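K.L.:
Right, I'll just put the structure down here and ask away after.
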Number of protein chains: 4
Amino acid sequence: MARNSRQSEKLIKDFEKEKSIEEYARQIAPLPASEIKKLPQEKYNTEASEEGYLARLAFLNKRGLETDKIAGKGEFHQAKAYQGNIENFIGMAQVPIGLAGPINIRGTKAIGDFYVPLASSEGALVASYNRGMKACRQSGGITTVCLSEGVQRCPLFKFRSIGEVGLFVKWTQAQQPLFEKIVAETSRYAKLQEMAPTIEGNTVILTFEYTTGEAAGQNMVTICTDQICQYMMKESPVKPQEWCIESNFSGDKKATAVSFGNVRGKKVSAEIRIPKEICENTLKSSPQLIANYWQSSTLAAIQSGSIGAQGHVANGLTALFLACGQDVACISESSIGLTRMQLTESGDLYVAVTLPSLIVGTVGGGTGLPTQKECLNMLGCTGPGSARKFAEICCAVALSGEISIAAAMSANHFTQAHQNLGRKA
Amino acid sequence: MARNSRQSEKLIKDFEKEKSIEEYARQIAPLPASEIKKLPQEKYNTEASEEGYLARLAFLNKRGLETDKIAGKGEFHQAKAYQGNIENFIGMAQVPIGLAGPINIRGTKAIGDFYVPLASSEGALVASYNRGMKACRQSGGITTVCLSEGVQRCPLFKFRSIGEVGLFVKWTQAQQPLFEKIVAETSRYAKLQEMAPTIEGNTVILTFEYTTGEAAGQNMVTICTDQICQYMMKESPVKPQEWCIESNFSGDKKATAVSFGNVRGKKVSAEIRIPKEICENTLKSSPQLIANYWQSSTLAAIQSGSIGAQGHVANGLTALFLACGQDVACISESSIGLTRMQLTESGDLYVAVTLPSLIVGTVGGGTGLPTQKECLNMLGCTGPGSARKFAEICCAVALSGEISIAAAMSANHFTQAHQNLGRKA
Amino acid sequence: MARNSRQSEKLIKDFEKEKSIEEYARQIAPLPASEIKKLPQEKYNTEASEEGYLARLAFLNKRGLETDKIAGKGEFHQAKAYQGNIENFIGMAQVPIGLAGPINIRGTKAIGDFYVPLASSEGALVASYNRGMKACRQSGGITTVCLSEGVQRCPLFKFRSIGEVGLFVKWTQAQQPLFEKIVAETSRYAKLQEMAPTIEGNTVILTFEYTTGEAAGQNMVTICTDQICQYMMKESPVKPQEWCIESNFSGDKKATAVSFGNVRGKKVSAEIRIPKEICENTLKSSPQLIANYWQSSTLAAIQSGSIGAQGHVANGLTALFLACGQDVACISESSIGLTRMQLTESGDLYVAVTLPSLIVGTVGGGTGLPTQKECLNMLGCTGPGSARKFAEICCAVALSGEISIAAAMSANHFTQAHQNLGRKA
Amino acid sequence: MARNSRQSEKLIKDFEKEKSIEEYARQIAPLPASEIKKLPQEKYNTEASEEGYLARLAFLNKRGLETDKIAGKGEFHQAKAYQGNIENFIGMAQVPIGLAGPINIRGTKAIGDFYVPLASSEGALVASYNRGMKACRQSGGITTVCLSEGVQRCPLFKFRSIGEVGLFVKWTQAQQPLFEKIVAETSRYAKLQEMAPTIEGNTVILTFEYTTGEAAGQNMVTICTDQICQYMMKESPVKPQEWCIESNFSGDKKATAVSFGNVRGKKVSAEIRIPKEICENTLKSSPQLIANYWQSSTLAAIQSGSIGAQGHVANGLTALFLACGQDVACISESSIGLTRMQLTESGDLYVAVTLPSLIVGTVGGGTGLPTQKECLNMLGCTGPGSARKFAEICCAVALSGEISIAAAMSANHFTQAHQNLGRKA
C-alpha cells in the first residue's frame, strides 16, 4: 500500500498530540480587521542617548525581564564557567544588542508580542527589522508554523563491491529496533526517526535522522550515531573497508540544495497579508512596487545560482542567533530560505517566508551563557516546546526584515537609510 | 585582439606594484625541512583554570598585545559610543574567546606567527583548530595568497522592451569615465573596477565592481552606485520603467554558485604539504586515511547539492569574524569553499583551501568596537594592506580546521573529542 | 517507532520478490580473474567501408537480431502510423547508428553480453564508448544495480492561508486509500507509492510518486494524478483558490539538485575494477594517471556549479536514447550523475557511475517506432522487467564512456582521437 | 581605469559592425497593433491522414523547400557518407518530424516567418508548440536577440605549489599574442577571445574562450587549445606536473550554474507581449491566470534545486536539435533557461525567455547529413550569420512552448491535451 510521506505524517501527528489541526487552524487564522485595531501598541524610548538606553532597560525590567548581564553588571570573566563552551579562554567578545519589536506572532508555539534582542555591529539593521515588525503588527501579526523537524548524522561505509553494500543495507534494516534502543540508552532527548541509505557504487551513506528535544542537537546525534556505528562495526556480518561518522552529506554548516525537499533542524513557514495603506503609510512604498521588485529580485537570485531565493534573511537571523546563544556558524544553512511577495486580488501584499533548515535550540551550546540566557528569556524561550517556539520567532523576524528591505528597495530608500544610520563611506 | 581576463591582469598587476611575481614566489615557497626544524614553537598555558586564563593574558601582554577590553576591564556600556553600529541599544552580547595558535603563515601580506582569537560557544572548536595549527606549524607553515578582490552592487533596470535595453547599455558604456569620476567624488576608498550588464528580456542588471580599500565595503559600494544611478536616471536618453539599487544578483548575504568563477570580497587560496609523520604523530591519522576520507566527503557534498565542497569552514570563520568585528551575516557567502586533500607521490598529504567570496575588512562596521579592535590588533591587522592580510589569515585558519576535522573523521576520533570537550548529550 | 526509509524498504522488498539479496550479491559479485579469461570475445568487422557495414548487419542477423528497418528496407513514411507520436507529420529525421560492444554486464536484470546501437552524428563517440566497453569486458564486466524507481507528478494548491493548507493536508492524508483506488481504475500499470506535501506559505505541493511498469510513465502519472485532483477539487472540505497539475517541482525535463537524495525514473549505480595492465594496454594510460585526472575533473565540476560531477554521460545516453525510442528531451535530467575513479590498494582502478534520475521505458513513447523497436530488441529489452534492464544497460554504457574519456584525457590522447575520427576544424 | 565588461563591449561592437544599435532597436521594436493585423497567416493542412501529409509536403515544396530526404526518397544507407559522423555504422535511426508554425520572429538575424521542423516521438509536443507560435504570431511576433557568444576549452595545469602557479600565469599572459597566432594558423574559423585563469591551490584552470564562426565549435576549440598547450608545455619556464586539455570546467555536456553570468555557445533572449484577448481566445486562459501559475512554477523550480527556472525548454529544443543536426547531447546545457511571465500594467501578458548556453551551429557535426540539411534549409539557416540566426530561432521556439504549456497548466487543459494526442496510460 502506498503511504503518506514521513513529513506529512509527522506534520499531522505531532501537532495533534496537543490540539487538532482544526483548532490550530483557528489559532493561526488571520485576524479580522476589526480585531487588529484593538492590538496594544506599547512603545519604548528609541533614542540613541544614554537616557534612551536606560529607559529601554527600565521598560524591559518593568515587564519582568532581566537585563543585568547584558548591561554589564556582575562578573563574567570566570574562566571555569565557560568550560564546555571554549578552550584556552582569554576573555569575552562584546557585541552591541539593539531592541526590536514588539513583533506580533500568531504561531503554534509562539503566540503574542515579543521584544526581540538583536546583536549586531551593522548600523540600520535593527531599525530596518523594527520597521518591518511595526508594519506586521499593524497588519494583525505574522502567522507562522514549525512544519517539521529533524537533525541528521550521516556516516559513510565503504565496501569491496556494491553487492556487499546490499547485504549491509539489508542487515541494518533488520537492526532498526536495536538502533532505537541504543539511542534511548545513550541520550534522554534524542529519538531516532528514520534511517535512509544513499548508495553510490561500493559506498553507502546512512542518514540517521533524529528529533533532539529542545537542543539544536548536533553533538547529541553524533554521540548516538557513533554508538550505533560501534555496534554495527562489531556485529555486521559484512565489514566495511572504511567508515566515518559523518560523510559530509548532512549539510552541517553549509548551504545545500536538498534543504527544501527535506528538513534540517526545523522547517518553518511564516506568512502575512499587509494592507495597501500600511505598505504606503508605514513602509513608504506600495504593494505593486514591492511585488514588482520582489519578482525581479527572485529572478536575479536564480541567475546568481543562489540556493533558495530570499533577500537578507542572514542579517536578522545572525543577530538573533548571536544574542540568543545559537551556533552562529549554522547561519550557513539556516539562512537558506524562500521569500514570496505578491499582490492579492484585493490589492494588498501577501508575504511568505519559508526556512527549511533552521538549526536552533534552547538548551545546550551557548544558550546557558549569561547574556544569552537573558536574551532567550526575553523571548520566553525556555522549557518544553521552546525550540519550536524559538524557530517560529526566527522565521517571523526574518519575514519582518524581508518586508522592510523590499519596501526600501522598491521605493529607493535603501541607500538613504544606510547613509543616515550606518557608518560613512 | 583577444585579451587577458580582468582577474588575470589584476592578479599580476596588483601584485607587481610591490614586488615581482618571482620575488613573491620565493617569499611563499614551501620551507625546506631543515628550516622547518628551526621554527620557534612558543607555548602558552592551555589549562582551563583561572590560572591558565591569567597566564594566557600575561603571555599576550608580554608580547605587547592589549587584552583589557576582552578581559572586561573598563566601561563598555556607553550607549552613544555604538551609534552607527546599532539602534535601540540595550547592552552587550558576550561570547567567550579562546586563543589558538600560533599559526605560521607564509602569505603575501600575512607573514609569520599569529595568535588567533576565536569567539565561540561550541566546545572543542578552539581545540580542534589549535591542533590543526600545530600540525601546520610543524610542517613549515601555510602558504596563502589573496588572489583577487572586488565588491559588487548590482542595480536592475526594467524597460519597455529588449531594444530599449540595448540603447541603455550602449549609453552607459560611453559614460564610464564619468561614473569613475562620480565614485571618486563620493568616496575616498572606493574604486570602480568594472561595469558588466546581464540582460534578461526587458531588464538589465548592471554589476558595478569596486575595490574598497581596507573596508569590507558593502555600504560604500551602495552609496557610490546610488550616486551613479541618480545620474543615470537624470541623464539617460532612455528611461527605465522601474529600477532598484540592488537586484539581489550580487550574492550579498547568501551562498551563490557563481562565486568560484568570479570573486566576491576577497578570493584567497591556501596550501600546505603535511609530512606523513606529522599526520601520524600530531594528527593521529595517516595521509592515506585522510585522503580517502576527503574523497568520500567531497562526493557526499556533491550529492547533497552543496555549493563548493569543504568540511566546516564556517566554524573557524564565524569565530574569527565574531572576535574581529566582521559582519557575521556574511558567513553565508564567506564560508563557501573548496578543500582538497590528496596523497603526494612521496606519501605525504597535500591540502589546499580556496575561499572565493570572503567578505572582510579592517576598518568600518564592527572593527572599531572595543574588544574587536583588540582582537584585530592581536593579528596585526591595521593599516594599508591589512584587509588582504586578514583575508589570508582567514584562509589559513580555515585550512587548519579542515585538516583537524579530516584527521579526526578519518581516524574516528571525532565523536570522542566532542564528548570530552563539549557539553553532554 | 522509527522506520526505515521508503528507499531502503523498496530496495530490499522489491528485490526479494525474485531472489534473496544474498543470491543477488552472488550474481553480481566481481568475477575472479581466472573466469574473466574465459569470457568469449566475439568480434565483428569494424571497417568504415560498405563491406564493413554489410558484414556488421550479417553479424547481427546471424545472432537473430533484425536490422531491416534501420537498414532502410520497407516503407516508413505512413503518416497514420505515427499518430500518437507526432502531429503535422512531414517525414523522418535520420541519424546514423553505430554498433558498440559487446558490453559485458553483471546486473540484476541485465546479464551477459550486449551489442549496443548508438545513434549520433558526432564522430569518435562510438569509437570511444567501444573502447571503454572493451576494457570493461576484459576486466570481467560491469556490475550494475537498479537501486530504486519512481516517477512524480507534483500538483500545487494555493489557499487563503497556511492554516487552510494544514486542513487540506490532513484531509488528503485520510484519502490515500481512495487515491490508490482511483489510480488502479485509471491505469493498469501505474501504482501510487507515496504522497508527500511540501508547504510554502499558503501553498502546498503534493508529490505523487508512482511506479509505472515498463513505461517511462510521464503521461501515465499525469492522467492518474489529474483524476485524483478532480476528486480532490470536488470533495475537499477546503477549496484552493488556484491549483495546477504540475507545479514544476517534479524535475521533469530539467536538471535539479534534489536528484541524488531521491529518485526520478530509475536510480542506477554501476561499478568495475579495471586491472592496471588493462588501463595500460587497452586504455593507454594508468590507474594513477586516471585517478589523478578524475580528482581534478571532479573539483573543476564543483567550481563550475555542476549538479553532480561526471564526464560526458550525456553523450552515450543521448545516443542510446535516440536509437531506442526514449524521450530524448529527458537527457536534461537523465544525464545527471556522479562518477568516481580511484586507485585501489592493489594499484588497480575502481570506477563507479551513479545515475539518480534516469527516465527510461520499454513501452510507450517512441519505443514502438520501427527502427527504435529493432534497437530495443538488440538489447533484449522487451517484456516484464525490461525497463530496469534497460536502465542497467544505460548506466553500464555511461560507465564505459566515462572510463574511455578519462583515459584519453589523462594520457592526453583526447584531441588526437577527435582529430582522427571527427570532422575537421 | 575601470573598463566595460567584455560582454558589454562585445554586445555593442559586434552588433555595430553591421548596423547601429539604434537601427537594431527599431528593427526589433514591438509591432503596433495596426501592423499586426496585416501579418499574413498562411495555413497548411494539419490532418493526420496521408492526404494531410502529402498536402504539407506540397505546401513546403511550393515555397521552394526540399523535402525529398525527410520523405524517404533516395538512398541514405551509404556507409562511407557518414564517416566523420559515426563509427561501426549499421543503419539509420528514424524519428518522425512534425511541422510547426509559421513562427513570426523580429530578431537581429532571424527576421520574418519560419516553418519549423520538430523531430520527436512524444505526442502533443508539436501541437503544443504550434499553438504557442500561433498566439505569438497573432501578437505581432517574437523579439529575440543573440546577446553574446563564446565556446570554451579549459585545460588544467598542476604544479608543485601555488607560487609556481603564479609564475606560470604571469608567463601565459605575456604569450597571448602568440596564442592568437597559433589559433589563426590552426583554424580558419576559431578566434581566441579571452584567456582567464581560475586558481585553486597548486592548480590553475585556463579558460580559453573562442568564437567559432558558424560551427558549434567544440572540436575546433579542442584542437586550437591543444596546439596552445603543446607550445606551453615546450616553452613554459615552469613546467606542470600534470596537465589535461579539459578540466571539466567548461560545462561541456552538463548543466552548470555559471551559465547565467557568462555565456556558453550563444546567449539569447526573446520576449513578447501577448494581448489579453489572445490569451483568452487562442490560449484559452488569461494573463492573470498565466502570470499566477508562472510565479508558482518559478518558486517550485527554486525549491527543486533547478538551475535557472523554466518550463519545458528541453522539449522544443531537443526536437529542433534532432531535426537540424545539432549535437543533441548538448541539450544538457542548452536547455538551461530563465522564463518570465508577468502581467503588464495594461492587463496583457509579458513573456521573456533567456537561454544562456545554447550550443548550436549550422556547419560541421550533423548539419551536413541529408535530412538535417533539408531541415536547416527550411529555416534558411545557411551561410554567414546563420548560427546566430538559428540561435534566435531556437529561443523563439522555446518561448512558444513556454507560453503554450503555461496556458494549458494555468487553465488545467494540460492533461486533456496529452490524453487526446498522446499514447494511452
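Chain identifiers are assigned as A, B, and so on, following the order in which chains appear in the C-alpha cells; residues are numbered from 1 within each chain, and ligands are numbered from 1 in order of appearance.
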Set the cut-off to 7 Å and count only C-alpha atoms: what are the residues of chain B that reach chain D? Output as a PyMOL selection string.
P.N.:
chain B and resi 2-5+7-8+12+21-22+25+28-29+163-164+166-167+170+173+192-197+200-201+257-258+269-271+352-354
K.L.:
Any chance you can output those residues with N, CA and C atoms as a CSV table (one decimal), in the first residue's frame?
P.N.:
chain,number,residue,atom,x,y,z
B,2,ALA,N,42.4,39.4,-28.8
B,2,ALA,CA,42.0,38.8,-27.5
B,2,ALA,C,42.6,39.4,-26.3
B,3,ARG,N,42.1,39.2,-25.2
B,3,ARG,CA,42.8,39.9,-24.1
B,3,ARG,C,42.8,39.0,-22.9
B,4,ASN,N,43.7,39.3,-22.0
B,4,ASN,CA,43.7,38.5,-20.7
B,4,ASN,C,42.5,38.9,-19.9
B,5,SER,N,42.0,38.0,-19.1
B,5,SER,CA,40.9,38.3,-18.3
B,5,SER,C,41.3,39.3,-17.3
B,7,GLN,N,40.6,39.2,-14.2
B,7,GLN,CA,41.2,38.5,-13.0
B,7,GLN,C,42.7,38.3,-13.2
B,8,SER,N,43.1,37.8,-14.3
B,8,SER,CA,44.5,37.5,-14.6
B,8,SER,C,45.3,38.8,-14.6
B,12,ILE,N,48.3,39.8,-11.7
B,12,ILE,CA,49.7,40.2,-11.9
B,12,ILE,C,50.0,41.6,-11.6
B,21,ILE,N,56.4,39.0,-9.3
B,21,ILE,CA,55.8,37.7,-9.0
B,21,ILE,C,57.0,36.7,-8.6
B,22,GLU,N,58.1,36.9,-9.2
B,22,GLU,CA,59.2,36.0,-8.9
B,22,GLU,C,59.6,36.2,-7.4
B,25,ALA,N,57.0,34.6,-5.3
B,25,ALA,CA,57.1,33.1,-5.4
B,25,ALA,C,58.2,32.6,-4.4
B,28,ILE,N,56.8,32.9,-0.8
B,28,ILE,CA,55.8,31.9,-0.3
B,28,ILE,C,56.2,30.5,-0.6
B,29,ALA,N,57.4,30.3,-1.1
B,29,ALA,CA,57.8,28.9,-1.5
B,29,ALA,C,57.8,28.1,-0.2
B,163,GLY,N,14.9,46.1,-26.9
B,163,GLY,CA,15.5,47.1,-27.8
B,163,GLY,C,15.9,48.3,-26.9
B,164,GLU,N,15.1,48.7,-26.0
B,164,GLU,CA,15.5,49.8,-25.2
B,164,GLU,C,16.6,49.5,-24.3
B,166,GLY,N,19.1,47.6,-25.1
B,166,GLY,CA,20.3,47.8,-25.9
B,166,GLY,C,20.7,49.3,-26.0
B,167,LEU,N,19.8,50.1,-26.1
B,167,LEU,CA,20.1,51.6,-26.2
B,167,LEU,C,20.7,52.0,-24.9
B,170,LYS,N,24.3,50.7,-24.3
B,170,LYS,CA,25.3,51.4,-25.2
B,170,LYS,C,25.6,52.8,-24.5
B,173,GLN,N,27.8,52.5,-21.4
B,173,GLN,CA,29.2,52.2,-21.7
B,173,GLN,C,30.0,53.5,-22.0
B,192,LEU,N,36.0,52.1,-8.8
B,192,LEU,CA,35.2,51.3,-9.7
B,192,LEU,C,36.1,50.6,-10.6
B,193,GLN,N,35.9,49.2,-10.7
B,193,GLN,CA,36.8,48.4,-11.5
B,193,GLN,C,36.2,47.9,-12.8
B,194,GLU,N,34.9,47.7,-12.7
B,194,GLU,CA,34.3,47.1,-13.9
B,194,GLU,C,32.8,47.4,-13.8
B,195,MET,N,32.1,47.4,-15.0
B,195,MET,CA,30.7,47.5,-15.1
B,195,MET,C,30.2,46.5,-16.1
B,196,ALA,N,29.4,45.5,-15.7
B,196,ALA,CA,29.0,44.4,-16.6
B,196,ALA,C,27.5,44.3,-16.7
B,197,PRO,N,26.9,44.2,-17.9
B,197,PRO,CA,25.5,44.1,-18.0
B,197,PRO,C,25.1,42.6,-18.1
B,200,GLU,N,18.2,40.2,-19.4
B,200,GLU,CA,17.2,39.1,-19.4
B,200,GLU,C,15.9,39.8,-19.8
B,201,GLY,N,15.5,39.5,-21.1
B,201,GLY,CA,14.3,40.2,-21.6
B,201,GLY,C,14.4,41.7,-21.6
B,257,ALA,N,26.2,30.1,-6.5
B,257,ALA,CA,27.1,29.2,-7.2
B,257,ALA,C,28.1,30.0,-8.1
B,258,VAL,N,27.9,31.3,-8.3
B,258,VAL,CA,28.8,32.0,-9.2
B,258,VAL,C,30.1,32.4,-8.5
B,269,SER,N,43.5,31.6,-1.6
B,269,SER,CA,43.8,30.2,-1.7
B,269,SER,C,44.9,29.9,-0.7
B,270,ALA,N,44.9,28.8,0.0
B,270,ALA,CA,46.0,28.4,0.9
B,270,ALA,C,46.4,27.0,0.7
B,271,GLU,N,47.6,26.7,1.0
B,271,GLU,CA,48.0,25.3,0.7
B,271,GLU,C,49.1,24.9,1.7
B,352,ALA,N,44.7,21.9,0.2
B,352,ALA,CA,44.5,23.3,-0.3
B,352,ALA,C,43.1,23.7,0.1
B,353,VAL,N,42.9,24.9,0.5
B,353,VAL,CA,41.6,25.5,0.7
B,353,VAL,C,41.5,26.8,-0.1
B,354,THR,N,40.4,26.9,-0.8
B,354,THR,CA,40.1,28.1,-1.6
B,354,THR,C,38.8,28.7,-1.2
K.L.:
Could you please write out, as a ChimeraX atom specification, every residue of range 168-349 of chain A that DSSP assigns to alpha helix (DSSP H)?
P.N.:
/A:168-174,176-186,218-235,276-281,287-303,313-323,331-334
K.L.:
Would you work out the distance separating CA of Asn377 in chain D from CA of Arg56 in chain D, expressed in Å to one decimal?
P.N.:
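Between these atoms lies a distance of 16.1 Å.
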K.L.:
Can you list, as a PyMOL selection string, every protein, DNA or RNA residue that comes within 10 Å of Asp68 in chain D when you count only C-alpha atoms, leaving out same-chain residues fewer than 2 positions away?
P.N.:
(chain C and resi 91) or (chain D and resi 57+61+65-66+70-74+370-371+374)
K.L.:
Output all heavy atoms of each residue in that selection to a file, as a short mmCIF file (atom, residue, chain, number, x, y, z; two decimals), in the first residue's frame.
P.N.:
data_model
loop_
_atom_site.label_atom_id
_atom_site.label_comp_id
_atom_site.auth_asym_id
_atom_site.auth_seq_id
_atom_site.Cartn_x
_atom_site.Cartn_y
_atom_site.Cartn_z
N GLY C 91 7.69 13.79 -42.38
CA GLY C 91 8.78 12.90 -42.79
C GLY C 91 9.59 12.43 -41.59
O GLY C 91 9.16 12.57 -40.44
N LEU D 57 3.71 18.40 -47.53
CA LEU D 57 4.93 18.36 -48.35
C LEU D 57 4.77 19.29 -49.55
O LEU D 57 5.68 20.06 -49.90
CB LEU D 57 5.20 16.92 -48.83
CG LEU D 57 5.64 15.92 -47.75
CD1 LEU D 57 6.06 14.60 -48.40
CD2 LEU D 57 6.82 16.46 -46.93
N ASN D 61 7.07 22.40 -50.63
CA ASN D 61 7.72 22.39 -51.94
C ASN D 61 7.36 23.65 -52.73
O ASN D 61 8.21 24.25 -53.39
CB ASN D 61 7.32 21.14 -52.74
CG ASN D 61 7.77 19.83 -52.07
OD1 ASN D 61 7.17 18.78 -52.28
ND2 ASN D 61 8.82 19.91 -51.24
N LEU D 65 11.01 24.75 -50.72
CA LEU D 65 11.74 23.97 -49.72
C LEU D 65 11.75 22.50 -50.11
O LEU D 65 10.71 21.92 -50.41
CB LEU D 65 11.09 24.16 -48.34
CG LEU D 65 11.03 25.61 -47.86
CD1 LEU D 65 10.17 25.75 -46.62
CD2 LEU D 65 12.44 26.14 -47.61
N GLU D 66 12.94 21.90 -50.09
CA GLU D 66 13.07 20.49 -50.48
C GLU D 66 12.69 19.56 -49.34
O GLU D 66 12.96 19.84 -48.17
CB GLU D 66 14.51 20.20 -50.90
CG GLU D 66 14.79 20.72 -52.29
CD GLU D 66 16.24 20.53 -52.67
OE1 GLU D 66 16.84 19.53 -52.22
OE2 GLU D 66 16.76 21.39 -53.41
N ILE D 70 13.67 13.84 -46.15
CA ILE D 70 12.83 13.50 -45.00
C ILE D 70 11.65 12.64 -45.43
O ILE D 70 11.11 11.85 -44.66
CB ILE D 70 12.31 14.77 -44.24
CG1 ILE D 70 11.45 15.65 -45.13
CG2 ILE D 70 13.46 15.54 -43.63
CD1 ILE D 70 10.73 16.77 -44.35
N ALA D 71 11.26 12.76 -46.74
CA ALA D 71 10.17 11.94 -47.25
C ALA D 71 10.65 10.54 -47.64
O ALA D 71 9.88 9.74 -48.15
CB ALA D 71 9.51 12.62 -48.45
N GLY D 72 11.93 10.26 -47.40
CA GLY D 72 12.42 8.91 -47.61
C GLY D 72 12.79 8.58 -49.04
O GLY D 72 13.01 7.42 -49.38
N LYS D 73 12.87 9.58 -49.89
CA LYS D 73 13.30 9.32 -51.28
C LYS D 73 14.81 9.27 -51.35
O LYS D 73 15.50 9.91 -50.57
CB LYS D 73 12.74 10.41 -52.20
CG LYS D 73 11.23 10.32 -52.32
CD LYS D 73 10.67 11.44 -53.16
CE LYS D 73 9.14 11.44 -53.06
NZ LYS D 73 8.57 12.76 -53.30
N GLY D 74 15.32 8.51 -52.29
CA GLY D 74 16.77 8.40 -52.45
C GLY D 74 17.33 7.38 -51.49
O GLY D 74 16.62 6.80 -50.67
N PRO D 370 21.81 14.24 -44.70
CA PRO D 370 20.75 14.53 -45.68
C PRO D 370 19.48 15.17 -45.11
O PRO D 370 19.10 16.27 -45.53
CB PRO D 370 20.47 13.15 -46.30
CG PRO D 370 21.74 12.41 -46.16
CD PRO D 370 22.35 12.87 -44.88
N THR D 371 18.82 14.52 -44.13
CA THR D 371 17.55 15.10 -43.67
C THR D 371 17.81 16.36 -42.86
O THR D 371 17.01 17.29 -42.86
CB THR D 371 16.74 14.11 -42.80
OG1 THR D 371 17.44 13.84 -41.58
CG2 THR D 371 16.48 12.80 -43.53
N GLU D 374 18.10 19.40 -45.08
CA GLU D 374 16.79 19.86 -45.55
C GLU D 374 16.09 20.71 -44.47
O GLU D 374 15.45 21.72 -44.75
CB GLU D 374 15.90 18.67 -45.92
CG GLU D 374 16.19 18.12 -47.30
CD GLU D 374 15.21 17.02 -47.71
OE1 GLU D 374 14.36 16.61 -46.88
OE2 GLU D 374 15.29 16.58 -48.86
#
K.L.:
As a PyMOL selection string, which residues of range 55-172 of chain B does DSSP assign to strand (DSSP E)?
P.N.:
chain B and resi 89-107+111-119+142-153+156-158
K.L.:
Write out as a PDB file with C-alpha atoms, in the first residue's frame each polymer residue whose atoms come within 12 Å of Gly368 in chain B, counting only C-alpha atoms; drop sequence neighbours fewer than 4 positions from it.
P.N.:
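selection.pdb, freshly written:
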ATOM      1  CA  GLN A  94      31.291  42.028  23.131  1.00  0.00           C
ATOM      2  CA  VAL A  95      28.715  42.876  20.504  1.00  0.00           C
ATOM      3  CA  SER A 121      27.502  45.895  14.574  1.00  0.00           C
ATOM      4  CA  GLU A 122      25.872  46.811  11.285  1.00  0.00           C
ATOM      5  CA  ARG A 423      28.969  54.409   9.270  1.00  0.00           C
TER       6      ARG A 423
ATOM      7  CA  ALA B  81      29.663  55.036  21.527  1.00  0.00           C
ATOM      8  CA  TYR B  82      27.818  52.438  19.497  1.00  0.00           C
ATOM      9  CA  GLN B  83      25.897  54.808  17.271  1.00  0.00           C
ATOM     10  CA  GLY B  84      26.427  53.785  13.681  1.00  0.00           C
ATOM     11  CA  ASN B  85      26.666  50.183  14.823  1.00  0.00           C
ATOM     12  CA  ALA B 215      36.857  48.178   4.334  1.00  0.00           C
ATOM     13  CA  ALA B 323      36.081  38.145  17.525  1.00  0.00           C
ATOM     14  CA  CYS B 324      37.353  40.611  14.928  1.00  0.00           C
ATOM     15  CA  GLY B 325      34.255  42.711  14.245  1.00  0.00           C
ATOM     16  CA  GLN B 326      33.378  41.386  10.813  1.00  0.00           C
ATOM     17  CA  GLY B 361      37.627  44.456   6.270  1.00  0.00           C
ATOM     18  CA  THR B 362      39.802  46.048   8.923  1.00  0.00           C
ATOM     19  CA  VAL B 363      38.067  49.420   9.072  1.00  0.00           C
ATOM     20  CA  GLY B 364      34.350  50.256   9.301  1.00  0.00           C
ATOM     21  CA  GLN B 372      37.021  43.671  18.287  1.00  0.00           C
ATOM     22  CA  LYS B 373      39.833  46.210  17.974  1.00  0.00           C
ATOM     23  CA  GLU B 374      41.935  44.306  20.480  1.00  0.00           C
ATOM     24  CA  CYS B 375      41.458  41.107  18.524  1.00  0.00           C
ATOM     25  CA  LEU B 376      42.362  42.676  15.181  1.00  0.00           C
ATOM     26  CA  ASN B 377      45.466  44.087  16.854  1.00  0.00           C
ATOM     27  CA  THR B 382      45.678  47.539  10.903  1.00  0.00           C
TER      28      THR B 382
END
K.L.:
Identify, on the basis of only C-alpha atoms, every residue whose closest approach to Arg137 in chain A does not exceed 7 Å; exclude the query and any residue fewer than 3 positions from it along the same chain; express the result as a PyMOL selection string.
P.N.:
chain A and resi 103-104+133-134+140-141
K.L.:
Fewer than 3 positions away in the same chain doesn't count, so skip those; otherwise give me all residues within 7 Å of Lys254 in chain C, counting only C-alpha atoms, as a list in words.
P.N.:
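Residues near the query, excluding close chain neighbours: Gly251, Ser332 and Glu333 of chain C.
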K.L.:
When you draw a straight line from CA of Ile274 in chain B to CA of Asn88 in chain A, how long is it in Å?
P.N.:
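Calculated distance between CA of Ile274 in chain B and CA of Asn88 in chain A is 24.9 Å.
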K.L.:
Quick check, in Å to one decimal: how far apart do CA of Ser404 in chain A and CA of Gly132 in chain A lie?
P.N.:
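Interatomic distance here is 4.7 Å.
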K.L.:
Could you give me, as JSON, numbers by chain, the residues within 7 Å of range 110-117 of chain D, counting only C-alpha atoms and dropping anything in the same chain fewer than 5 positions from it?
P.N.:
{"D": [97, 98, 99, 100, 101, 102, 103, 104, 105, 320, 323, 375, 378, 379, 389, 392, 393]}
K.L.:
Restricting the calculation to only C-alpha atoms, which member of A:Gly123, A:Leu39, A:Ala55, A:Gln138 is positioned closest to Asn219 in chain B?
P.N.:
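Counting only C-alpha atoms, the residue closest to Asn219 in chain B is A:Gly123.
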